[in-house]
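Student: Contents of my_file_16.cif (mmCIF, C-alpha atoms) are given next:
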```cif
data_start
#
loop_
_atom_site.label_atom_id
_atom_site.label_comp_id
_atom_site.auth_asym_id
_atom_site.auth_seq_id
_atom_site.Cartn_x
_atom_site.Cartn_y
_atom_site.Cartn_z
CA MET A 10 2.57 -54.26 97.70
CA THR A 11 -0.67 -52.60 96.63
CA LEU A 12 -2.36 -52.84 93.23
CA GLY A 13 -1.69 -49.13 92.83
CA SER A 14 2.06 -49.57 93.30
CA LEU A 15 1.98 -52.39 90.76
CA VAL A 16 0.37 -49.99 88.28
CA GLY A 17 2.97 -47.33 89.09
CA PHE A 18 5.95 -49.61 88.62
CA GLY A 19 4.26 -51.20 85.59
CA VAL A 20 4.00 -47.80 83.93
CA LEU A 21 7.63 -47.13 84.74
CA ALA A 22 8.73 -50.52 83.32
CA VAL A 23 6.77 -49.96 80.10
CA LEU A 24 8.13 -46.46 79.60
CA LEU A 25 11.72 -47.49 80.33
CA THR A 26 11.57 -50.59 78.11
CA THR A 27 10.08 -48.63 75.23
CA MET A 28 12.56 -45.79 75.64
CA PHE A 29 15.60 -48.10 75.88
CA SER A 30 14.30 -50.29 73.09
CA VAL A 31 13.94 -47.34 70.69
CA ALA A 32 17.28 -45.88 71.80
CA SER A 33 19.20 -49.14 71.37
CA ALA A 34 17.55 -49.78 67.98
CA ALA A 35 18.52 -46.25 66.90
CA ILE A 36 22.13 -46.82 68.03
CA VAL A 37 22.52 -50.07 66.08
CA ALA A 38 20.64 -48.66 63.09
CA LEU A 39 23.10 -45.78 62.92
CA ALA A 40 25.99 -48.23 63.12
CA ARG A 41 24.42 -50.72 60.71
CA GLU A 42 26.57 -50.02 57.69
CA ARG A 43 29.74 -50.13 59.79
CA LEU A 44 28.59 -53.39 61.40
CA ARG A 45 27.78 -54.84 57.99
CA ARG A 46 31.27 -54.05 56.77
CA ALA A 47 32.73 -55.60 59.93
CA GLY A 48 30.95 -58.90 59.41
CA ALA A 49 27.89 -60.99 60.21
CA ALA A 50 29.06 -61.88 63.74
CA ALA A 51 29.20 -58.20 64.65
CA GLU A 52 25.71 -57.57 63.21
CA ARG A 53 24.33 -60.54 65.12
CA ARG A 54 25.83 -59.41 68.40
CA ALA A 55 24.56 -55.86 67.98
CA ALA A 56 21.04 -56.98 67.07
CA ALA A 57 20.93 -59.38 70.03
CA TRP A 58 22.19 -56.68 72.41
CA ALA A 59 19.60 -54.19 71.13
CA LEU A 60 16.88 -56.75 71.77
CA VAL A 61 17.87 -58.08 75.17
CA ALA A 62 19.58 -55.14 76.89
CA PRO A 63 16.54 -52.79 77.02
CA VAL A 64 14.40 -55.41 78.75
CA ALA A 65 17.15 -56.41 81.19
CA LEU A 66 18.02 -52.79 81.92
CA ALA A 67 14.43 -51.68 82.44
CA VAL A 68 13.68 -54.56 84.81
CA THR A 69 16.90 -54.00 86.78
CA ILE A 70 16.27 -50.27 87.08
CA VAL A 71 12.69 -50.77 88.23
CA VAL A 72 13.85 -53.27 90.86
CA LEU A 73 16.69 -50.96 91.87
CA LEU A 74 14.36 -47.99 92.24
CA ALA A 75 11.82 -50.06 94.11
CA ILE A 76 14.46 -51.23 96.58
CA ARG A 77 16.26 -47.92 96.98
CA GLY A 78 13.14 -45.82 97.00
CA SER A 79 11.04 -48.05 99.21
CA GLY A 80 13.62 -49.30 101.66
CA SER A 81 13.76 -48.94 105.38
CA SER A 82 13.47 -45.14 105.44
CA ASP A 83 10.12 -43.58 104.51
CA HIS A 84 11.04 -41.48 101.47
CA CYS A 85 7.43 -40.47 101.02
CA GLU A 86 7.43 -37.98 103.84
CA GLY A 87 9.38 -35.45 101.84
CA HIS A 88 6.96 -35.04 98.92
CA GLY A 89 3.28 -35.22 99.18
CA HIS A 90 2.47 -33.43 95.92
CA HIS A 91 2.38 -36.49 93.66
CA ALA A 92 1.67 -40.20 93.56
CA HIS A 93 4.31 -42.20 95.36
CA LEU A 94 6.26 -44.68 93.34
CA CYS A 95 6.83 -47.17 96.13
CA LEU A 96 5.67 -50.54 97.30
CA VAL A 97 3.92 -49.15 100.39
CA HIS A 98 2.23 -45.93 99.28
CA GLY A 99 1.28 -46.57 95.68
CA ALA A 100 -2.52 -46.61 95.91
CA GLU A 101 -2.85 -43.20 94.24
CA TRP A 102 -1.79 -44.63 90.88
CA LEU A 103 -5.17 -46.30 90.65
CA GLN A 104 -6.78 -42.85 90.57
CA ARG A 105 -4.91 -41.94 87.38
CA PRO A 106 -6.88 -43.35 84.45
CA TRP A 107 -4.01 -42.90 81.97
CA ALA A 108 -1.68 -44.92 84.21
CA VAL A 109 -4.19 -47.72 84.70
CA ALA A 110 -4.96 -47.76 80.96
CA LEU A 111 -1.29 -47.79 80.00
CA ALA A 112 -0.40 -50.54 82.49
CA ALA A 113 -3.43 -52.67 81.59
CA GLY A 114 -3.02 -52.12 77.84
CA SER A 115 0.67 -52.99 77.96
CA ALA A 116 0.04 -56.07 80.11
CA ILE A 117 -2.65 -57.33 77.70
CA THR A 118 -0.47 -56.63 74.64
CA MET A 119 2.49 -58.43 76.16
CA LEU A 120 0.38 -61.39 77.20
CA LEU A 121 -1.03 -61.61 73.67
CA ARG A 122 2.43 -61.39 72.11
CA LEU A 123 3.67 -64.01 74.57
CA GLY A 124 0.72 -66.19 73.62
CA VAL A 125 1.55 -65.87 69.92
CA VAL A 126 5.18 -66.86 70.56
CA ALA A 127 4.10 -69.82 72.71
CA LEU A 128 1.55 -70.91 70.11
CA ARG A 129 4.06 -70.73 67.27
CA HIS A 130 6.52 -72.70 69.34
CA ALA A 131 3.95 -75.37 70.21
CA ARG A 132 2.73 -75.64 66.61
CA THR A 133 6.28 -76.04 65.37
CA LYS A 134 6.95 -78.78 67.91
CA ILE A 135 3.85 -80.69 66.82
CA ALA A 136 4.72 -80.24 63.13
CA ILE A 137 8.29 -81.45 63.68
CA ALA A 138 7.07 -84.47 65.67
CA ARG A 139 4.84 -85.38 62.71
CA VAL A 140 7.64 -85.02 60.20
CA ARG A 141 10.06 -86.95 62.42
CA LYS A 142 7.65 -89.87 62.46
CA VAL A 143 7.73 -90.31 58.70
CA ALA A 144 11.28 -89.08 57.96
CA GLN A 145 14.00 -91.60 57.15
CA LEU A 146 17.19 -91.42 59.18
CA ASP A 147 20.30 -91.20 57.01
CA GLY A 148 23.32 -90.94 59.29
CA ASP A 149 22.63 -87.88 61.43
CA VAL A 150 20.16 -86.41 58.95
CA ARG A 151 16.43 -86.98 58.76
CA ILE A 152 15.22 -87.04 55.18
CA ALA A 153 11.61 -85.97 54.82
CA ARG A 154 9.88 -86.96 51.62
CA SER A 155 8.83 -83.68 50.03
CA ASP A 156 8.84 -81.86 46.69
CA ARG A 157 9.84 -78.67 48.46
CA THR A 158 13.47 -77.83 49.00
CA PHE A 159 14.26 -77.27 52.63
CA CYS A 160 16.92 -77.95 55.15
CA PHE A 161 16.78 -76.89 58.76
CA VAL A 162 18.01 -77.77 62.19
CA VAL A 163 15.54 -77.96 65.02
CA GLY A 164 15.53 -78.58 68.77
CA TRP A 165 17.62 -76.72 71.31
CA ARG A 166 18.24 -79.69 73.60
CA ARG A 167 18.88 -82.35 70.97
CA PRO A 168 19.32 -80.63 67.62
CA GLU A 169 18.31 -82.60 64.56
CA VAL A 170 18.80 -81.76 60.92
CA PHE A 171 15.85 -82.24 58.56
CA VAL A 172 16.31 -82.19 54.82
CA SER A 173 13.70 -82.67 52.13
CA SER A 174 14.19 -85.55 49.72
CA ARG A 175 14.00 -83.05 46.85
CA ALA A 176 16.83 -80.96 48.33
CA TRP A 177 18.95 -84.06 48.91
CA GLU A 178 18.43 -85.19 45.32
CA VAL A 179 19.55 -81.95 43.70
CA LEU A 180 22.72 -81.53 45.78
CA SER A 181 26.06 -83.18 45.12
CA ALA A 182 27.91 -84.93 47.95
CA THR A 183 30.11 -81.90 48.65
CA GLU A 184 27.12 -79.56 48.57
CA ARG A 185 25.27 -81.80 50.99
CA ASN A 186 28.27 -81.58 53.27
CA ALA A 187 28.25 -77.79 52.99
CA VAL A 188 24.56 -77.67 53.92
CA LEU A 189 25.22 -79.86 56.96
CA GLU A 190 28.17 -77.70 57.98
CA HIS A 191 25.89 -74.68 57.81
CA GLU A 192 23.39 -76.40 60.11
CA GLN A 193 26.13 -77.53 62.48
CA ALA A 194 27.30 -73.92 62.68
CA HIS A 195 23.82 -72.93 63.89
CA VAL A 196 24.12 -75.57 66.61
CA ALA A 197 27.66 -74.49 67.54
CA HIS A 198 26.53 -70.85 67.83
CA GLY A 199 23.65 -71.85 70.11
CA ASP A 200 21.22 -70.27 67.65
CA LEU A 201 18.32 -72.50 68.55
CA SER A 202 18.15 -71.48 72.21
CA LEU A 203 19.20 -67.91 71.38
CA ARG A 204 16.31 -67.62 68.99
CA ILE A 205 13.85 -68.54 71.72
CA ALA A 206 15.45 -66.02 74.09
CA LEU A 207 15.27 -63.29 71.43
CA ASP A 208 11.65 -64.14 70.67
CA LEU A 209 10.87 -63.66 74.35
CA ALA A 210 12.83 -60.40 74.51
CA GLY A 211 10.94 -59.24 71.42
CA VAL A 212 7.67 -59.60 73.32
CA PHE A 213 8.70 -56.75 75.61
CA SER A 214 10.33 -54.54 72.97
CA ALA A 215 8.78 -51.44 71.49
CA PRO A 216 6.34 -52.19 68.62
CA LEU A 217 8.07 -52.99 65.29
CA VAL A 218 11.53 -52.71 66.85
CA GLY A 219 11.48 -56.32 68.09
CA ASN A 220 10.53 -57.73 64.68
CA TRP A 221 13.09 -55.66 62.85
CA LEU A 222 15.91 -56.67 65.18
CA ARG A 223 14.98 -60.36 65.12
CA GLU A 224 14.87 -60.38 61.33
CA TRP A 225 18.23 -58.66 61.19
CA TRP A 226 19.68 -61.15 63.69
CA ALA A 227 18.29 -64.12 61.72
CA ASP A 228 19.62 -62.76 58.42
CA ALA A 229 23.09 -62.13 59.90
CA SER A 230 23.04 -65.60 61.49
CA GLU A 231 22.39 -67.26 58.14
CA ARG A 232 25.22 -65.33 56.51
CA LEU A 233 27.56 -66.18 59.40
CA CYS A 234 26.72 -69.89 59.11
CA ASP A 235 27.30 -69.69 55.34
CA LEU A 236 30.80 -68.37 56.05
CA ARG A 237 31.44 -71.07 58.67
CA ALA A 238 30.35 -73.73 56.19
CA ALA A 239 32.63 -72.14 53.57
CA GLU A 240 35.57 -72.35 55.99
CA ARG A 241 35.04 -76.10 56.31
CA THR A 242 34.23 -76.75 52.66
CA ASP A 243 34.70 -73.91 50.18
CA PRO A 244 32.72 -70.75 49.33
CA GLU A 245 31.79 -71.86 45.83
CA THR A 246 30.25 -75.10 47.12
CA VAL A 247 28.11 -73.24 49.66
CA ALA A 248 27.05 -70.69 47.06
CA SER A 249 26.30 -73.40 44.55
CA ALA A 250 24.16 -75.29 47.10
CA LEU A 251 22.16 -72.13 47.76
CA VAL A 252 21.51 -71.52 44.08
CA LYS A 253 20.63 -75.16 43.38
CA LEU A 254 18.13 -75.25 46.22
CA ALA A 255 16.61 -71.98 45.05
CA ARG A 256 16.28 -73.31 41.52
CA ALA A 257 14.66 -76.54 42.70
CA GLY A 258 12.20 -74.71 44.95
CA THR A 259 8.52 -74.43 44.35
CA PRO A 260 7.87 -70.87 43.23
CA GLN A 261 4.28 -70.48 44.40
CA LEU A 262 5.28 -69.97 48.01
CA LEU A 263 5.43 -66.57 49.57
CA PRO A 264 8.70 -65.27 50.97
CA SER A 265 9.11 -65.13 54.73
CA GLY A 266 11.90 -65.30 57.29
CA PHE A 267 12.05 -68.99 56.52
CA THR A 268 12.07 -68.59 52.78
CA PRO A 269 14.56 -66.03 51.62
CA GLY A 270 13.53 -64.05 48.60
CA ALA A 271 15.62 -63.01 45.65
CA GLU A 272 17.39 -60.21 47.50
CA ALA A 273 18.35 -62.38 50.47
CA LEU A 274 19.61 -65.13 48.18
CA ASP A 275 21.66 -62.67 46.21
CA ARG A 276 23.15 -61.21 49.40
CA ARG A 277 24.00 -64.63 50.79
CA VAL A 278 25.59 -65.95 47.61
CA ARG A 279 27.66 -62.79 47.05
CA GLY A 280 28.53 -62.65 50.75
CA VAL A 281 29.86 -66.18 50.90
CA LEU A 282 31.82 -65.76 47.68
CA ARG A 283 33.32 -62.50 48.88
CA GLY A 284 34.38 -64.23 52.11
CA GLY A 285 36.40 -62.00 54.38
CA SER A 286 36.07 -61.54 58.09
CA THR A 287 33.13 -62.87 60.05
CA GLY A 288 33.59 -59.86 62.32
CA GLU A 289 34.35 -61.83 65.49
CA SER A 290 36.74 -59.24 66.92
CA VAL A 291 34.24 -56.43 66.26
CA ALA A 292 31.53 -58.63 67.78
CA ARG A 293 33.63 -58.90 70.95
CA ARG A 294 34.05 -55.13 70.98
CA VAL A 295 30.32 -54.68 70.44
CA ALA A 296 29.65 -57.00 73.39
CA MET A 297 32.09 -55.10 75.58
CA LEU A 298 30.67 -51.76 74.52
CA GLY A 299 27.12 -52.97 75.11
CA ALA A 300 28.01 -54.36 78.51
CA GLY A 301 29.91 -51.16 79.35
CA LEU A 302 26.97 -48.98 78.35
CA SER A 303 24.53 -51.12 80.34
CA ILE A 304 26.73 -51.30 83.45
CA GLY A 305 27.47 -47.57 83.24
CA LEU A 306 23.78 -46.75 83.07
CA LEU A 307 23.03 -49.05 85.99
CA ALA A 308 25.85 -47.52 88.03
CA VAL A 309 24.45 -44.02 87.42
CA VAL A 310 20.98 -45.21 88.40
CA ALA A 311 22.33 -46.90 91.54
CA ALA A 312 24.32 -43.82 92.54
CA PHE A 313 21.44 -41.41 92.05
CA ALA A 314 18.55 -43.75 92.81
CA PRO A 315 16.73 -41.58 95.40
CA ALA A 316 17.00 -38.43 93.26
CA LEU A 317 16.04 -40.31 90.09
CA HIS A 318 13.19 -41.94 91.92
CA HIS A 319 11.85 -38.57 93.00
CA ALA A 320 12.33 -37.10 89.54
CA LEU A 321 10.39 -39.97 87.95
CA GLU A 322 7.61 -39.62 90.50
CA THR A 323 7.34 -35.91 89.74
CA LEU A 324 7.39 -36.58 86.01
CA LEU A 325 4.80 -39.35 86.07
CA GLY A 326 2.71 -38.50 89.10
CA MET B 25 -10.85 -90.03 47.50
CA THR B 26 -8.30 -89.24 50.19
CA SER B 27 -9.66 -87.03 52.92
CA LYS B 28 -7.60 -84.31 54.58
CA ARG B 29 -7.47 -86.45 57.71
CA ALA B 30 -5.40 -88.98 55.83
CA THR B 31 -2.42 -86.72 56.11
CA ARG B 32 -2.43 -86.70 59.89
CA VAL B 33 0.18 -88.81 61.55
CA LEU B 34 -1.16 -92.17 62.54
CA GLY B 35 -1.24 -93.73 65.96
CA ASP B 36 1.09 -96.65 66.70
CA LEU B 37 -1.47 -99.33 65.93
CA GLU B 38 -2.73 -97.57 62.81
CA GLU B 39 0.82 -97.26 61.60
CA ARG B 40 1.50 -100.95 62.21
CA LEU B 41 -1.59 -101.96 60.31
CA MET B 42 -0.70 -99.65 57.43
CA GLU B 43 2.79 -101.18 57.32
CA ILE B 44 1.20 -104.63 57.04
CA MET B 45 -1.10 -103.37 54.30
CA TRP B 46 1.72 -101.77 52.36
CA GLU B 47 3.65 -105.04 52.53
CA GLU B 48 0.79 -107.24 51.42
CA HIS B 49 -2.74 -106.63 50.18
CA PRO B 50 -5.65 -107.08 49.92
CA LEU B 51 -6.25 -108.48 53.40
CA SER B 52 -9.32 -109.25 55.46
CA VAL B 53 -9.60 -108.39 59.15
CA ARG B 54 -8.82 -112.01 59.98
CA ASP B 55 -5.69 -111.92 57.75
CA VAL B 56 -4.46 -108.81 59.53
CA CYS B 57 -5.17 -110.38 62.93
CA SER B 58 -3.02 -113.35 62.02
CA ARG B 59 -0.15 -111.02 61.12
CA VAL B 60 -0.28 -109.13 64.43
CA ARG B 61 -0.94 -112.23 66.51
CA ARG B 62 2.09 -111.81 68.74
CA THR B 63 0.58 -108.77 70.46
CA LYS B 64 -2.78 -110.48 70.98
CA LEU B 65 -4.97 -107.81 69.50
CA ALA B 66 -8.70 -108.41 69.67
CA TYR B 67 -10.46 -109.01 66.37
CA THR B 68 -12.78 -106.09 67.06
CA THR B 69 -9.83 -103.76 67.76
CA VAL B 70 -8.28 -104.59 64.39
CA MET B 71 -11.65 -104.28 62.66
CA THR B 72 -12.30 -100.87 64.24
CA THR B 73 -8.81 -99.63 63.39
CA LEU B 74 -9.06 -100.78 59.77
CA ASP B 75 -12.46 -99.13 59.51
CA ARG B 76 -10.98 -95.92 60.90
CA LEU B 77 -8.14 -96.06 58.35
CA HIS B 78 -10.75 -96.54 55.65
CA THR B 79 -12.67 -93.50 56.93
CA LYS B 80 -9.43 -91.51 56.91
CA GLY B 81 -9.01 -92.38 53.26
CA LEU B 82 -5.86 -94.44 53.74
CA LEU B 83 -7.45 -97.79 52.98
CA ALA B 84 -9.84 -98.84 50.27
CA ARG B 85 -12.06 -101.87 50.72
CA THR B 86 -14.15 -104.26 48.69
CA LYS B 87 -16.76 -106.61 49.96
CA GLN B 88 -16.11 -110.30 49.53
CA GLY B 89 -18.99 -112.37 50.81
CA THR B 90 -19.70 -111.10 54.32
CA ALA B 91 -16.20 -109.73 54.93
CA PHE B 92 -14.30 -106.70 53.69
CA LEU B 93 -10.98 -106.95 51.93
CA TYR B 94 -8.74 -103.95 52.65
CA LEU B 95 -5.97 -102.48 50.51
CA PRO B 96 -3.96 -99.24 50.71
CA ALA B 97 -5.51 -96.22 48.98
CA ILE B 98 -2.13 -94.48 48.79
CA ASP B 99 1.38 -95.88 48.86
CA ARG B 100 3.85 -95.31 51.69
CA ALA B 101 5.83 -92.64 49.86
CA GLU B 102 2.74 -90.62 49.02
CA TYR B 103 1.52 -90.86 52.61
CA GLN B 104 4.86 -89.58 53.93
CA ARG B 105 4.87 -86.77 51.39
CA ARG B 106 1.42 -85.64 52.50
CA VAL B 107 2.29 -85.77 56.19
CA VAL B 108 5.35 -83.58 55.61
CA GLU B 109 3.39 -81.15 53.45
CA THR B 110 0.52 -80.83 55.93
CA ALA B 111 2.88 -80.40 58.87
CA LEU B 112 5.31 -77.91 57.35
CA ALA B 113 3.13 -75.89 54.98
CA PRO B 114 1.91 -73.45 57.66
CA MET B 115 5.49 -72.82 58.75
CA PHE B 116 6.66 -72.09 55.23
CA ALA B 117 3.71 -69.84 54.54
CA GLN B 118 3.95 -67.82 57.74
CA ASP B 119 6.76 -66.62 59.88
CA ALA B 120 9.95 -68.47 60.73
CA ALA B 121 9.31 -70.95 63.46
CA PRO B 122 11.10 -70.22 66.71
CA VAL B 123 13.01 -73.46 66.98
CA LEU B 124 14.20 -73.61 63.40
CA ALA B 125 17.26 -72.38 61.68
CA ALA B 126 16.96 -72.82 57.97
CA PHE B 127 19.66 -73.19 55.39
CA ILE B 128 17.24 -72.21 52.70
CA ASP B 129 13.85 -73.10 51.49
CA VAL B 130 12.26 -71.74 48.44
CA ALA B 131 13.69 -68.58 47.07
CA ALA B 132 10.34 -67.10 46.18
CA GLY B 133 10.45 -64.57 43.43
CA VAL B 134 13.91 -65.66 42.35
CA ASP B 135 13.82 -65.45 38.60
CA GLU B 136 15.79 -67.59 36.22
CA GLY B 137 17.89 -64.64 35.05
CA ASN B 138 19.06 -63.90 38.57
CA LEU B 139 19.90 -67.56 39.23
CA ALA B 140 21.86 -67.72 35.98
CA ARG B 141 23.81 -64.59 36.97
CA LEU B 142 24.66 -66.11 40.34
CA GLU B 143 25.76 -69.34 38.69
CA LEU B 144 28.04 -67.37 36.37
CA LEU B 145 29.49 -65.59 39.36
CA ILE B 146 30.20 -68.92 41.09
CA ALA B 147 31.81 -70.32 37.91
CA GLU B 148 33.96 -67.19 37.65
CA HIS B 149 35.13 -67.64 41.24
CA ARG B 150 35.96 -71.28 40.55
CA ARG B 151 37.99 -70.34 37.47
CA ARG B 152 39.97 -67.75 39.40
CA LYS B 153 41.13 -70.33 41.93
#
```
Turn the structure described in the file into structure tokens.

Tutor:
Amino acid sequence: MTLGSLVGFGVLAVLLTTMFSVASAAIVALARERLRRAGAAAERRAAAWALVAPVALAVTIVVLLAIRGSGSSDHCEGHGHHAHLCLVHGAEWLQRPWAVALAAGSAITMLLRLGVVALRHARTKIAIARVRKVAQLDGDVRIARSDRTFCFVVGWRRPEVFVSSRAWEVLSATERNAVLEHEQAHVAHGDLSLRIALDLAGVFSAPLVGNWLREWWADASERLCDLRAAERTDPETVASALVKLARAGTPQLLPSGFTPGAEALDRRVRGVLRGGSTGESVARRVAMLGAGLSIGLLAVVAAFAPALHHALETLLG
Amino acid sequence: MTSKRATRVLGDLEERLMEIMWEEHPLSVRDVCSRVRRTKLAYTTVMTTLDRLHTKGLLARTKQGTAFLYLPAIDRAEYQRRVVETALAPMFAQDAAPVLAAFIDVAAGVDEGNLARLELLIAEHRRRK
């Protein structure tokens, strides 16, 4: 493989990922209201599909085209009018400044985004290790002495629940149970490892699309876990715990994904009280539809790989 | 004055010495040595560690003759509170951390009127049951 061919396939991967990423985001955005009515599980599944599928599809298609287009037969003989998108004859891509700039720019951006994700992950691990050291173990819960009100589950291999002493004080026994059920639901759904996977997928997504989809996924996940907790306790207890924690919170903090603002709180409280379907059956249909779409696209690419390969070469070269 | 470094998590030995100090104070280096005798710590090691804890703002000291008497500058609860605050504050202020799934933290911007409305709604739901 030459450096030129790496640039050529890099350009192709970037263009395909961006195109699929925007297309999948547009599809789920159009279906958002319907998904919202169906339930949080359906929203979650759709957001996750829109994040992961473009990256997986783009990589598979690039590999497929590289194999089919650069296999045993020399496909390059037939067209000498443009740069060859193959592993053997790709040197010409280096002579196209726009291709080199796009490939290099995208590689640097992705490395930077990957670095940010890795840094955030590392900083969180260090912070949690510090809190763990001073937190008191109460059953399965680690109580951290703090005037803030927080409760979270952390760790994808050995999940642990951390609650602030302030949060624990303001909640009744049944509300505490509801909070723990909510956290257990995150563990049962595999949210902690999923979140890492989605963060990584977001690195390769089109700008802004990744953030939007991850926020949507996180918001739907919280609402789904509220409903799961309500199934095991009751909706009013979950809602009441949310309001109590909000009331006991320190108001000087800024809202973020970790700290839901007024609108998010309102949505969660009303959502859990309203109850209804979590949207599991729609989520299954979404998964099947997503898989069908992805497999269908791959099948088309596989069937017309040489022609598609040539078309892409003509378009890009 | 407690320096910012005081809120860092302590090493194992520092933590052990702080535990001793929180249990009983004031203590001289020799007193502390006698309480950690089982692990055969050198006098100089204890002295250096206590001095470091003093520099970090976790211990206060007064001179008695030629020796220093050490005592905690903050209590255990306050120390734990500061460690948690220092560790988690950046995560609360910035973006959601990748390995966390939160039930809720602070509902910033949630006004009292909105909370009261939500409480009424919950009460209404309870009554209807």

Student: When the PyMOL selection byres ((chain A and resi 15) around 10) is applied to the file above, which residues end up in the set, as a VMD selection string?

Tutor: chain A and resid 10 to 14 16 to 21 94 to 96 99 to 100 102 to 103 109 112

Student: What's around segment 37-43 of chain A at 12 Å? Count only C-alpha atoms, leave out sequence neighbours fewer than 5 positions away in its own chain, and write the answer as a PyMOL selection string.

Tutor: chain A and resi 30-32+48-49+51-60+218+221-222+225-226+229+288+291-292+295+298-299

Student: Report, in Å with one decimal, the straight-line distance from atom CA of Val107 of chain B to atom CA of Leu123 of chain A.

Tutor: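 The value is 28.5 Å.
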
Student: Let me make sure I understand: among A:Arg276, A:Arg185, A:His130, A:Arg283, which one has the smallest atom-to-atom distance to chain B if we use all atoms listed in the file?

Tutor: A:His130

Student: I need the output of the PyMOL selection byres ((chain B and resi 42-52) around 7) for this file as JSON, numbers by chain; which residues are they?

Tutor: {"B": [38, 39, 40, 41, 53, 54, 55, 56, 91, 92, 93, 94, 95, 96, 99, 100]}

Student: Can you list, as JSON, numbers by chain, every protein, DNA or RNA residue that comes within 10 Å of Ala62 of chain A when you count all atoms listed in the file, leaving out same-chain residues fewer than 5 positions away?

Tutor: {"A": [26, 29, 30, 33, 57, 67, 68, 210, 299, 300, 302, 303]}

Student: Taking the file as shown, what set of residues would the PyMOL selection byres ((chain A and resi 74) around 9) give back, as a list in words?

Tutor: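 On this input, the PyMOL selection byres ((chain A and resi 74) around 9) captures Thr69, Ile70, Val71, Val72, Leu73, Ala75, Ile76, Arg77, Gly78, Ser79, Leu94, Cys95, Val310, Ala311, Ala314, Pro315, Leu317 and His318 of chain A.
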
Student: Quick one: residues within 6 Å of segment 165-179 of chain A, all atoms listed in the file, excluding same-chain residues fewer than 5 positions away - as a PyMOL selection string?

Tutor: chain A and resi 150-156+158-160+201-202

Student: Could you state the separation of atom CA of His149 of chain B and atom CA of Leu282 of chain A in Å, given to one decimal place?

Tutor: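 So the answer is 7.5 Å.
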
Student: Provide the atom CA of Ser181 of chain A to atom CA of Ala111 of chain B distance in Å, to one decimal place.

Tutor: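 Atom-to-atom, atom CA of Ser181 of chain A and atom CA of Ala111 of chain B are spaced 27.1 Å apart.
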
Student: Between A:Gly285, A:Gly124, A:Pro244, A:Pro216, which one has atoms that come closest to chain B, using only C-alpha atoms?

Tutor: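 Smallest separation from chain B among the options: A:Pro244.
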